[in-house]
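For reference, coords_25.pdb (PDB, C-alpha atoms):
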ATOM      1  CA  MET A   1      24.714  -2.846  19.208
ATOM      2  CA  ILE A   2      22.887  -4.473  16.285
ATOM      3  CA  SER A   3      23.520  -7.914  17.761
ATOM      4  CA  ALA A   4      21.780  -6.776  20.955
ATOM      5  CA  LEU A   5      18.590  -6.009  19.051
ATOM      6  CA  PRO A   6      15.809  -8.609  18.941
ATOM      7  CA  ARG A   7      16.090 -10.537  15.674
ATOM      8  CA  LYS A   8      12.619  -9.456  14.554
ATOM      9  CA  HIS A   9      13.688  -5.780  14.560
ATOM     10  CA  ILE A  10      16.609  -6.254  12.152
ATOM     11  CA  PRO A  11      14.588  -5.886   8.873
ATOM     12  CA  LEU A  12      12.974  -2.682  10.167
ATOM     13  CA  LEU A  13      16.370  -1.313  11.134
ATOM     14  CA  ALA A  14      17.764  -2.311   7.724
ATOM     15  CA  THR A  15      14.955  -0.403   5.975
ATOM     16  CA  ALA A  16      15.601   2.671   8.111
ATOM     17  CA  VAL A  17      19.317   2.521   7.291
ATOM     18  CA  VAL A  18      18.608   2.168   3.556
ATOM     19  CA  PHE A  19      16.256   5.167   3.648
ATOM     20  CA  VAL A  20      18.748   7.343   5.555
ATOM     21  CA  LEU A  21      21.598   6.385   3.216
ATOM     22  CA  LEU A  22      19.531   7.039   0.085
ATOM     23  CA  PHE A  23      18.253  10.387   1.343
ATOM     24  CA  ALA A  24      21.687  11.478   2.625
ATOM     25  CA  SER A  25      23.370  10.493  -0.654
ATOM     26  CA  ALA A  26      20.812  12.422  -2.702
ATOM     27  CA  SER A  27      21.128  15.419  -0.369
ATOM     28  CA  PHE A  28      24.906  15.543  -0.858
ATOM     29  CA  ARG A  29      24.644  15.062  -4.623
ATOM     30  CA  TYR A  30      21.775  17.410  -5.497
ATOM     31  CA  ASP A  31      21.426  21.005  -4.329
ATOM     32  CA  GLY A  32      18.130  21.679  -2.633
ATOM     33  CA  PHE A  33      17.295  18.038  -2.000
ATOM     34  CA  PHE A  34      17.624  18.412   1.768
ATOM     35  CA  SER A  35      14.673  20.751   2.259
ATOM     36  CA  LEU A  36      11.195  20.792   3.753
ATOM     37  CA  GLY A  37       9.676  20.914   0.285
ATOM     38  CA  VAL A  38      11.392  17.693  -0.775
ATOM     39  CA  ILE A  39      10.498  15.949   2.486
ATOM     40  CA  VAL A  40       6.843  16.837   1.911
ATOM     41  CA  GLN A  41       7.158  15.623  -1.682
ATOM     42  CA  LEU A  42       8.074  12.204  -0.317
ATOM     43  CA  PHE A  43       4.433  12.104   0.812
ATOM     44  CA  SER A  44       3.074  13.471  -2.476
ATOM     45  CA  GLU A  45      -0.284  12.351  -3.874
ATOM     46  CA  LYS A  46       1.214   9.548  -5.958
ATOM     47  CA  ASN A  47       3.249   8.162  -3.070
ATOM     48  CA  ALA A  48       0.361   8.590  -0.638
ATOM     49  CA  ILE A  49      -1.941   6.558  -2.903
ATOM     50  CA  LEU A  50       0.703   3.834  -3.110
ATOM     51  CA  GLY A  51       1.050   4.006   0.667
ATOM     52  CA  ILE A  52      -2.680   3.664   1.349
ATOM     53  CA  ALA A  53      -2.785   0.460  -0.687
ATOM     54  CA  ALA A  54       0.436  -0.747   0.967
ATOM     55  CA  LEU A  55      -1.089  -0.389   4.443
ATOM     56  CA  GLY A  56      -3.785  -2.914   3.559
ATOM     57  CA  MET A  57      -1.252  -5.187   1.861
ATOM     58  CA  THR A  58       0.821  -5.180   5.046
ATOM     59  CA  PHE A  59      -1.935  -6.994   6.935
ATOM     60  CA  VAL A  60      -2.435  -9.461   4.070
ATOM     61  CA  ILE A  61       1.255 -10.391   3.964
ATOM     62  CA  LEU A  62       1.471 -10.479   7.774
ATOM     63  CA  SER A  63      -1.314 -13.078   7.708
ATOM     64  CA  GLY A  64       0.706 -15.200   5.276
ATOM     65  CA  GLY A  65      -1.211 -14.180   2.144
ATOM     66  CA  ILE A  66      -0.788 -12.026  -0.953
ATOM     67  CA  ASP A  67      -3.136  -9.924  -3.068
ATOM     68  CA  LEU A  68      -2.449  -9.219  -6.740
ATOM     69  CA  SER A  69      -5.792  -7.523  -7.374
ATOM     70  CA  VAL A  70      -5.221  -4.157  -5.667
ATOM     71  CA  GLY A  71      -4.077  -2.237  -8.758
ATOM     72  CA  ALA A  72      -7.026  -3.438 -10.832
ATOM     73  CA  LEU A  73      -9.430  -2.772  -7.949
ATOM     74  CA  MET A  74      -8.126   0.779  -7.678
ATOM     75  CA  ALA A  75      -8.714   1.324 -11.408
ATOM     76  CA  PHE A  76     -12.207  -0.136 -11.141
ATOM     77  CA  THR A  77     -12.939   2.194  -8.215
ATOM     78  CA  THR A  78     -11.831   5.276 -10.140
ATOM     79  CA  ILE A  79     -13.874   4.537 -13.252
ATOM     80  CA  LEU A  80     -16.929   3.434 -11.238
ATOM     81  CA  THR A  81     -16.792   6.597  -9.132
ATOM     82  CA  ALA A  82     -16.414   8.814 -12.195
ATOM     83  CA  SER A  83     -19.246   7.047 -14.001
ATOM     84  CA  LEU A  84     -21.631   7.251 -11.046
ATOM     85  CA  ILE A  85     -20.956  10.972 -10.596
ATOM     86  CA  GLU A  86     -20.884  12.092 -14.224
ATOM     87  CA  LYS A  87     -23.282   9.668 -15.936
ATOM     88  CA  SER A  88     -25.697   8.756 -13.140
ATOM     89  CA  GLY A  89     -25.707  12.123 -11.395
ATOM     90  CA  MET A  90     -24.871  10.584  -8.021
ATOM     91  CA  HIS A  91     -23.382  12.779  -5.308
ATOM     92  CA  PRO A  92     -19.663  12.051  -4.773
ATOM     93  CA  LEU A  93     -20.216  10.968  -1.159
ATOM     94  CA  ALA A  94     -22.768   8.370  -2.267
ATOM     95  CA  ALA A  95     -20.497   7.230  -5.111
ATOM     96  CA  TRP A  96     -17.539   6.910  -2.748
ATOM     97  CA  SER A  97     -19.594   4.960  -0.225
ATOM     98  CA  LEU A  98     -20.763   2.515  -2.884
ATOM     99  CA  ALA A  99     -17.237   2.118  -4.269
ATOM    100  CA  LEU A 100     -15.809   1.456  -0.795
ATOM    101  CA  LEU A 101     -18.576  -1.037  -0.066
ATOM    102  CA  ILE A 102     -17.877  -2.901  -3.310
ATOM    103  CA  GLY A 103     -14.129  -2.903  -2.620
ATOM    104  CA  THR A 104     -14.691  -4.297   0.875
ATOM    105  CA  GLY A 105     -17.034  -7.001  -0.423
ATOM    106  CA  PHE A 106     -14.625  -7.880  -3.219
ATOM    107  CA  GLY A 107     -11.788  -8.342  -0.748
ATOM    108  CA  ALA A 108     -13.971 -10.335   1.658
ATOM    109  CA  ALA A 109     -15.071 -12.651  -1.170
ATOM    110  CA  GLN A 110     -11.442 -13.372  -2.053
ATOM    111  CA  GLY A 111     -10.641 -14.018   1.602
ATOM    112  CA  TYR A 112     -13.571 -16.415   1.889
ATOM    113  CA  LEU A 113     -12.498 -18.382  -1.190
ATOM    114  CA  ILE A 114      -8.928 -18.585   0.065
ATOM    115  CA  HIS A 115      -9.900 -19.851   3.502
ATOM    116  CA  ALA A 116     -12.993 -21.956   2.825
ATOM    117  CA  PHE A 117     -11.564 -23.877  -0.123
ATOM    118  CA  ARG A 118      -7.894 -23.788   0.924
ATOM    119  CA  LEU A 119      -6.974 -22.099  -2.347
ATOM    120  CA  PRO A 120      -3.597 -20.404  -2.947
ATOM    121  CA  PRO A 121      -3.927 -16.631  -2.372
ATOM    122  CA  PHE A 122      -1.737 -16.017  -5.425
ATOM    123  CA  LEU A 123      -4.166 -17.764  -7.790
ATOM    124  CA  VAL A 124      -7.354 -16.431  -6.206
ATOM    125  CA  THR A 125      -6.193 -12.825  -6.288
ATOM    126  CA  LEU A 126      -4.721 -13.278  -9.776
ATOM    127  CA  GLY A 127      -8.221 -14.222 -10.886
ATOM    128  CA  GLY A 128      -9.532 -11.262  -8.915
ATOM    129  CA  MET A 129      -7.091  -8.991 -10.729
ATOM    130  CA  PHE A 130      -8.369 -10.059 -14.154
ATOM    131  CA  PHE A 131     -11.984  -9.829 -12.984
ATOM    132  CA  ALA A 132     -11.618  -6.323 -11.515
ATOM    133  CA  ARG A 133      -9.745  -5.046 -14.567
ATOM    134  CA  GLY A 134     -12.350  -6.507 -16.895
ATOM    135  CA  MET A 135     -15.170  -4.964 -14.864
ATOM    136  CA  ALA A 136     -13.420  -1.603 -15.065
ATOM    137  CA  PHE A 137     -13.609  -1.781 -18.868
ATOM    138  CA  VAL A 138     -17.232  -2.912 -18.652
ATOM    139  CA  VAL A 139     -18.067   0.296 -16.765
ATOM    140  CA  ALA A 140     -16.282   2.428 -19.389
ATOM    141  CA  SER A 141     -13.597   1.765 -21.959
ATOM    142  CA  GLU A 142     -12.158   5.295 -21.818
ATOM    143  CA  SER A 143     -11.272   7.870 -19.199
ATOM    144  CA  ILE A 144     -14.122   9.882 -17.647
ATOM    145  CA  GLY A 145     -13.408  13.324 -16.226
ATOM    146  CA  ILE A 146     -15.087  14.436 -12.990
ATOM    147  CA  ASN A 147     -16.488  17.942 -12.877
ATOM    148  CA  HIS A 148     -18.331  18.386  -9.601
ATOM    149  CA  PRO A 149     -18.118  21.320  -7.152
ATOM    150  CA  PHE A 150     -17.808  18.941  -4.201
ATOM    151  CA  TYR A 151     -14.397  17.877  -5.495
ATOM    152  CA  ASP A 152     -13.177  21.453  -5.188
ATOM    153  CA  SER A 153     -14.152  21.493  -1.517
ATOM    154  CA  VAL A 154     -12.238  18.295  -0.662
ATOM    155  CA  THR A 155      -9.097  19.176  -2.615
ATOM    156  CA  LEU A 156      -7.344  20.567   0.438
ATOM    157  CA  HIS A 157      -3.855  21.896   1.015
ATOM    158  CA  LEU A 158      -2.806  22.304   4.647
ATOM    159  CA  PRO A 159      -0.026  24.923   4.868
ATOM    160  CA  LEU A 160       2.974  24.173   7.084
ATOM    161  CA  GLY A 161       3.598  27.488   8.776
ATOM    162  CA  GLY A 162       4.916  30.186   6.474
ATOM    163  CA  SER A 163       7.147  27.855   4.472
ATOM    164  CA  GLY A 164       4.941  27.892   1.395
ATOM    165  CA  VAL A 165       4.752  24.090   1.615
ATOM    166  CA  SER A 166       1.462  22.309   2.187
ATOM    167  CA  LEU A 167       0.050  18.826   2.716
ATOM    168  CA  SER A 168      -2.470  17.542   0.183
ATOM    169  CA  THR A 169      -5.666  15.612   0.898
ATOM    170  CA  ALA A 170      -4.023  12.340  -0.150
ATOM    171  CA  THR A 171      -1.051  12.959   2.136
ATOM    172  CA  MET A 172      -3.233  13.704   5.148
ATOM    173  CA  VAL A 173      -5.362  10.610   4.524
ATOM    174  CA  PHE A 174      -2.235   8.460   4.252
ATOM    175  CA  LEU A 175      -0.679   9.808   7.459
ATOM    176  CA  LEU A 176      -3.885   9.424   9.467
ATOM    177  CA  LEU A 177      -4.400   5.900   8.145
ATOM    178  CA  SER A 178      -0.800   5.010   9.005
ATOM    179  CA  LEU A 179      -1.439   5.941  12.633
ATOM    180  CA  LEU A 180      -4.722   4.023  12.658
ATOM    181  CA  MET A 181      -3.219   0.887  11.094
ATOM    182  CA  LEU A 182      -0.247   1.103  13.459
ATOM    183  CA  GLY A 183      -2.637   1.034  16.393
ATOM    184  CA  ILE A 184      -4.669  -1.842  14.959
ATOM    185  CA  ALA A 185      -1.606  -3.964  14.180
ATOM    186  CA  HIS A 186       0.179  -3.592  17.494
ATOM    187  CA  PHE A 187      -2.426  -2.712  20.107
ATOM    188  CA  THR A 188      -5.546  -4.754  19.311
ATOM    189  CA  ARG A 189      -6.555  -8.405  19.592
ATOM    190  CA  PHE A 190      -7.232  -8.448  15.853
ATOM    191  CA  GLY A 191      -3.652  -7.396  15.163
ATOM    192  CA  ARG A 192      -2.270 -10.090  17.453
ATOM    193  CA  ASN A 193      -4.438 -12.673  15.694
ATOM    194  CA  VAL A 194      -3.055 -11.596  12.307
ATOM    195  CA  TYR A 195       0.516 -12.072  13.526
ATOM    196  CA  ALA A 196      -0.348 -15.445  15.055
ATOM    197  CA  ILE A 197      -1.994 -16.724  11.858
ATOM    198  CA  GLY A 198       0.934 -15.567   9.736
ATOM    199  CA  GLY A 199       3.392 -17.193  12.112
ATOM    200  CA  ASN A 200       1.667 -20.580  12.133
ATOM    201  CA  GLU A 201      -1.957 -20.987  11.072
ATOM    202  CA  ASN A 202      -2.260 -24.517  12.475
ATOM    203  CA  SER A 203      -1.036 -23.370  15.872
ATOM    204  CA  ALA A 204      -3.483 -20.459  15.737
ATOM    205  CA  LEU A 205      -6.323 -22.936  15.121
ATOM    206  CA  LEU A 206      -5.214 -25.106  18.052
ATOM    207  CA  MET A 207      -5.139 -22.001  20.253
ATOM    208  CA  GLY A 208      -8.779 -21.369  19.377
ATOM    209  CA  LEU A 209      -8.157 -18.127  17.510
ATOM    210  CA  PRO A 210     -10.840 -17.001  14.997
ATOM    211  CA  VAL A 211      -8.736 -17.833  11.942
ATOM    212  CA  ALA A 212     -11.564 -17.765   9.371
ATOM    213  CA  ARG A 213     -12.993 -14.462  10.568
ATOM    214  CA  THR A 214      -9.563 -12.861  10.832
ATOM    215  CA  LYS A 215      -8.403 -13.915   7.350
ATOM    216  CA  ILE A 216     -11.619 -12.777   5.699
ATOM    217  CA  THR A 217     -11.441  -9.480   7.602
ATOM    218  CA  VAL A 218      -7.830  -8.965   6.496
ATOM    219  CA  TYR A 219      -8.748  -9.308   2.817
ATOM    220  CA  ALA A 220     -11.893  -7.215   3.296
ATOM    221  CA  MET A 221      -9.797  -4.457   4.894
ATOM    222  CA  ASN A 222      -7.302  -4.687   2.059
ATOM    223  CA  GLY A 223     -10.117  -4.332  -0.475
ATOM    224  CA  LEU A 224     -11.446  -1.342   1.463
ATOM    225  CA  LEU A 225      -8.071   0.407   1.473
ATOM    226  CA  ALA A 226      -7.450  -0.362  -2.213
ATOM    227  CA  ALA A 227     -10.849   1.145  -3.026
ATOM    228  CA  LEU A 228     -10.055   4.117  -0.778
ATOM    229  CA  ALA A 229      -6.784   4.596  -2.672
ATOM    230  CA  GLY A 230      -8.864   4.670  -5.859
ATOM    231  CA  VAL A 231     -11.231   7.267  -4.395
ATOM    232  CA  VAL A 232      -8.278   9.419  -3.307
ATOM    233  CA  TRP A 233      -6.854   9.002  -6.800
ATOM    234  CA  THR A 234      -9.998  10.585  -8.235
ATOM    235  CA  ILE A 235      -9.482  13.558  -5.894
ATOM    236  CA  ASP A 236      -5.874  14.013  -6.967
ATOM    237  CA  THR A 237      -6.689  13.548 -10.661
ATOM    238  CA  PRO A 238     -10.407  14.310 -11.020
ATOM    239  CA  ALA A 239     -11.089  11.475 -13.429
ATOM    240  CA  GLY A 240     -11.504   7.730 -13.641
ATOM    241  CA  ASN A 241      -9.593   5.470 -15.995
ATOM    242  CA  PRO A 242      -9.847   1.677 -16.460
ATOM    243  CA  THR A 243      -6.168   1.457 -17.438
ATOM    244  CA  TRP A 244      -4.796   3.040 -14.274
ATOM    245  CA  GLY A 245      -2.917   0.966 -11.718
ATOM    246  CA  ALA A 246      -1.507  -1.619 -14.141
ATOM    247  CA  GLY A 247       1.431  -3.223 -12.334
ATOM    248  CA  LEU A 248       0.937  -1.020  -9.279
ATOM    249  CA  GLU A 249       0.266  -4.061  -7.105
ATOM    250  CA  LEU A 250       3.891  -5.109  -7.607
ATOM    251  CA  PHE A 251       5.192  -1.814  -6.244
ATOM    252  CA  VAL A 252       2.724  -2.084  -3.352
ATOM    253  CA  ILE A 253       4.048  -5.536  -2.460
ATOM    254  CA  ALA A 254       7.632  -4.339  -2.923
ATOM    255  CA  ALA A 255       7.085  -1.412  -0.533
ATOM    256  CA  VAL A 256       5.756  -3.800   2.127
ATOM    257  CA  VAL A 257       8.616  -6.309   1.745
ATOM    258  CA  ILE A 258      11.294  -3.599   1.578
ATOM    259  CA  GLY A 259       9.662  -2.266   4.749
ATOM    260  CA  GLY A 260      10.730  -5.481   6.471
ATOM    261  CA  THR A 261       7.513  -7.511   6.437
ATOM    262  CA  ARG A 262       8.306 -11.189   5.933
ATOM    263  CA  LEU A 263       6.712 -12.677   2.815
ATOM    264  CA  ALA A 264       5.900 -15.866   4.710
ATOM    265  CA  GLY A 265       3.911 -13.832   7.245
ATOM    266  CA  GLY A 266       4.004 -13.368  11.002
ATOM    267  CA  LEU A 267       6.729 -10.715  11.123
ATOM    268  CA  GLY A 268       6.682  -7.069  10.119
ATOM    269  CA  TYR A 269       5.664  -3.554  11.039
ATOM    270  CA  VAL A 270       3.291  -0.922   9.698
ATOM    271  CA  ALA A 271       6.065   1.605  10.382
ATOM    272  CA  GLY A 272       8.285  -0.472   8.105
ATOM    273  CA  THR A 273       5.764  -0.143   5.280
ATOM    274  CA  LEU A 274       5.827   3.619   5.740
ATOM    275  CA  LEU A 275       9.624   3.498   5.430
ATOM    276  CA  GLY A 276       9.315   1.247   2.375
ATOM    277  CA  VAL A 277       7.119   3.849   0.672
ATOM    278  CA  LEU A 278       9.632   6.571   1.593
ATOM    279  CA  VAL A 279      12.475   4.522   0.092
ATOM    280  CA  TYR A 280      10.534   4.247  -3.173
ATOM    281  CA  ALA A 281       9.694   7.969  -3.106
ATOM    282  CA  THR A 282      13.321   8.946  -2.432
ATOM    283  CA  ILE A 283      14.533   6.943  -5.427
ATOM    284  CA  GLU A 284      11.963   8.591  -7.707
ATOM    285  CA  LEU A 285      12.756  12.101  -6.446
ATOM    286  CA  ALA A 286      16.501  11.564  -6.840
ATOM    287  CA  ILE A 287      15.938  10.517 -10.457
ATOM    288  CA  THR A 288      13.814  13.643 -11.002
ATOM    289  CA  PHE A 289      16.552  15.872  -9.521
ATOM    290  CA  ASP A 290      19.218  14.219 -11.654
ATOM    291  CA  GLY A 291      17.341  14.785 -14.915
ATOM    292  CA  ASN A 292      19.570  12.449 -16.919
ATOM    293  CA  LEU A 293      18.408   9.102 -15.554
ATOM    294  CA  SER A 294      15.560   7.089 -17.029
ATOM    295  CA  SER A 295      12.493   6.383 -14.922
ATOM    296  CA  SER A 296      13.257   2.688 -15.428
ATOM    297  CA  VAL A 297      16.054   3.131 -12.877
ATOM    298  CA  THR A 298      13.349   3.203 -10.206
ATOM    299  CA  SER A 299      12.224  -0.306 -11.140
ATOM    300  CA  ILE A 300      15.827  -1.526 -11.230
ATOM    301  CA  VAL A 301      16.707  -0.164  -7.783
ATOM    302  CA  VAL A 302      13.416  -1.295  -6.233
ATOM    303  CA  GLY A 303      13.983  -4.767  -7.725
ATOM    304  CA  LEU A 304      17.500  -4.975  -6.285
ATOM    305  CA  LEU A 305      16.308  -3.821  -2.861
ATOM    306  CA  LEU A 306      13.448  -6.326  -2.957
ATOM    307  CA  LEU A 307      15.886  -9.165  -3.690
ATOM    308  CA  LEU A 308      18.188  -7.918  -0.936
ATOM    309  CA  PHE A 309      15.415  -7.989   1.661
ATOM    310  CA  ILE A 310      14.160 -11.413   0.545
ATOM    311  CA  VAL A 311      17.705 -12.786   0.971
ATOM    312  CA  LEU A 312      17.915 -11.108   4.389
ATOM    313  CA  GLN A 313      14.649 -12.750   5.425
ATOM    314  CA  ARG A 314      15.871 -16.156   4.275
ATOM    315  CA  LEU A 315      19.178 -15.795   6.135
ATOM    316  CA  MET A 316      17.315 -14.812   9.301
ATOM    317  CA  SER A 317      15.010 -17.826   8.954
ATOM    318  CA  ARG A 318      17.981 -20.190   8.564
ATOM    319  CA  SER A 319      19.886 -18.758  11.521
ATOM    320  CA  ALA A 320      16.779 -19.037  13.700
ATOM    321  CA  ARG A 321      16.619 -22.826  13.217
TER
END

Kindly transcribe the structure held in the file into structure tokens.
Amino acid sequence: MISALPRKHIPLLATAVVFVLLFASASFRYDGFFSLGVIVQLFSEKNAILGIAALGMTFVILSGGIDLSVGALMAFTTILTASLIEKSGMHPLAAWSLALLIGTGFGAAQGYLIHAFRLPPFLVTLGGMFFARGMAFVVASESIGINHPFYDSVTLHLPLGGSGVSLSTATMVFLLLSLLMLGIAHFTRFGRNVYAIGGNENSALLMGLPVARTKITVYAMNGLLAALAGVVWTIDTPAGNPTWGAGLELFVIAAVVIGGTRLAGGLGYVAGTLLGVLVYATIELAITFDGNLSSSVTSIVVGLLLLLFIVLQRLMSRSAR
């Protein structure tokens, strides 16, 4: 049956199998793991914030790029938002709009440098990471709490029937964005262009596709979603902190690759990224239920899975030749 599947679907299927096995194993081992409350916890605020950033990273990696600046950009967004609200007296909506605009421009600038000067995305976004983190400390060197009545009105919890379980604001934003990004990736000309560029940029140029505009848009969209993740972070934890998000970009990239998106670009699914986030969340929840395992186990398991999927991608590439 697996051999009858198109080759491009195998990584997505592998991710789905890994998620089912992890969740089933935890359900058998820990009482109460197989419940609606735990399933909703897989989409908790922390995982939803990771997922929002991973959605943008999916398009970057599909286009054949990488972005190491998302964690620092998220931290910058949180501290800028908190500073604008608490120190400048700006309304949260205005602060959010400015933060999202800056995030979009930051991403677009990186995309322009990468395309116009043929620079490696790794090095450009590494520089962007240091720049964004430094700017976060320029705004404020310590955490700033947010105390504004508007934040109370947007901290929502949507109840699921009479189960006593509810969806948070971050979760709802993540789920809605997942549907939107799924539509953009697979049902729009822009999405097809992203796949074509990631598959072979030279061929995309010969076909007359708008490579420059598409690549810059991809990085701009990634900056927008990273900034949005930062804004949502301030809703979940009403504060801004320049130290937040350190190393988070690595987990974002890992979630995308574990979700089956090929690091070289041109192959992958938004649905796979969603599964990648769920795999990460399942590992963390299982560790929480166990109580005796160190949180470092999460990094170990994610690292092993990441290596497994990279090897799978390489084997698929070799067999396709």

Exactly which residues make up the result of the PyMOL selection byres ((chain A and resi 275) around 9) on this file, given as JSON, numbers by chain? {"A": [12, 15, 16, 19, 255, 256, 258, 259, 270, 271, 272, 273, 274, 276, 277, 278, 279, 280]}

Can you tell me how far atom CA of A:Lys87 sits from atom CA of A:Ala136, in Å to one decimal?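 That distance, rounded to one decimal, is 15.0 Å.
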
Expressed in Å to a single decimal, how great is the separation between atom CA of A:Glu249 and atom CA of A:Thr125?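 Spanning atom CA of A:Glu249 to atom CA of A:Thr125 is a straight-line distance of 10.9 Å.
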
Evaluating the PyMOL selection byres ((chain A and resi 142-146) around 6) on the displayed file yields which residues, as a list in words?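 Listing what the PyMOL selection byres ((chain A and resi 142-146) around 6) selects in the shown file: Ala82, Ala140, Ser141, Asn147, Pro238, Ala239, Gly240 and Asn241 of chain A.
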
Could you write out the selected residues, including C-alpha atoms, as a PDB file, in the coordinates of the input?
ATOM      1  CA  ALA A  82     -16.414   8.814 -12.195  1.00  0.00           C
ATOM      2  CA  ALA A 140     -16.282   2.428 -19.389  1.00  0.00           C
ATOM      3  CA  SER A 141     -13.597   1.765 -21.959  1.00  0.00           C
ATOM      4  CA  ASN A 147     -16.488  17.942 -12.877  1.00  0.00           C
ATOM      5  CA  PRO A 238     -10.407  14.310 -11.020  1.00  0.00           C
ATOM      6  CA  ALA A 239     -11.089  11.475 -13.429  1.00  0.00           C
ATOM      7  CA  GLY A 240     -11.504   7.730 -13.641  1.00  0.00           C
ATOM      8  CA  ASN A 241      -9.593   5.470 -15.995  1.00  0.00           C
TER       9      ASN A 241
END

Produce the centre coordinates and the three edge lengths, each in Å to one decimal, of the box along x, y and z that contains all listed atoms of stretch 239-256 of chain A with 5 Å added on each side, as JSON.
{"center_x": -1.9, "center_y": 3.0, "center_z": -7.7, "size_x": 29.1, "size_y": 27.0, "size_z": 29.6}

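Proximity to A:Leu84 was assessed for A:Ala72, A:Leu182, A:Ile10, A:Val139 counting only C-alpha atoms; the smallest distance is recorded for A:Val139.
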
Please compute the atom CA of A:Val252-atom CA of A:Val17 distance, one decimal, in Å. 20.2 Å

Matched chain/residue IDs from the PyMOL selection byres ((chain A and resi 155) around 8), as JSON, numbers by chain: {"A": [151, 152, 153, 154, 156, 157, 168, 169, 235, 236]}

Please list as a PyMOL selection string every residue within 6 Å of A:Gly198, counting all atoms listed in the file and excluding residues in the same chain fewer than 6 positions away. chain A and resi 62-64+265-266

Can you tell me, as a PyMOL selection string, what residues are no more than 8 Å from A:Lys8 when counting only C-alpha atoms, ignoring any on the same chain fewer than 2 positions away? chain A and resi 6+10-11+267-268

Considering only C-alpha atoms, state which residue in the set A:Ala108, A:Ser295, A:Val301, A:Leu22 is at the smallest distance from A:Val124.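 Between A:Ala108, A:Ser295, A:Val301, A:Leu22, the residue approaching A:Val124 most closely is A:Ala108.
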
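Each of A:Tyr195, A:Phe106, A:Trp96, A:Phe33 was compared to A:Leu228 using all atoms listed in the file, and A:Trp96 turns out to be the nearest.
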
Taking the point (1.0, -2.4, 7.4) as given in the file, collect each protein or nucleic acid residue that comes within 7 Å of it, counting all atoms listed in the file, and present the set as a VMD selection string. chain A and resid 54 to 59 181 269 to 270 273

So, with only C-alpha atoms as the atoms that count, which of A:Ser178, A:Thr282, A:Thr261, A:Ser69 lies closest to A:Gly134?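 Closest to A:Gly134 of all the choices is A:Ser69.
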
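For the choices A:Ile287, A:Leu160, A:Met135, A:Ala185, the atom-to-atom distance to A:Val40 is smallest for A:Leu160 when using only C-alpha atoms.
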
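If only C-alpha atoms are the atoms counted, then among A:Ala281, A:Leu306, A:Val257, A:Val138 the closest residue to A:Ile61 is A:Val257.
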
Spatial neighbours of A:Ala286, max dist 9 Å, only C-alpha atoms, sep filter under 2 positions, as a CSV table (one decimal) with C-alpha atoms, in the frame of the given file:
chain,number,residue,atom,x,y,z
A,22,LEU,CA,19.5,7.0,0.1
A,23,PHE,CA,18.3,10.4,1.3
A,26,ALA,CA,20.8,12.4,-2.7
A,27,SER,CA,21.1,15.4,-0.4
A,30,TYR,CA,21.8,17.4,-5.5
A,33,PHE,CA,17.3,18.0,-2.0
A,281,ALA,CA,9.7,8.0,-3.1
A,282,THR,CA,13.3,8.9,-2.4
A,283,ILE,CA,14.5,6.9,-5.4
A,284,GLU,CA,12.0,8.6,-7.7
A,288,THR,CA,13.8,13.6,-11.0
A,289,PHE,CA,16.6,15.9,-9.5
A,290,ASP,CA,19.2,14.2,-11.7
A,291,GLY,CA,17.3,14.8,-14.9
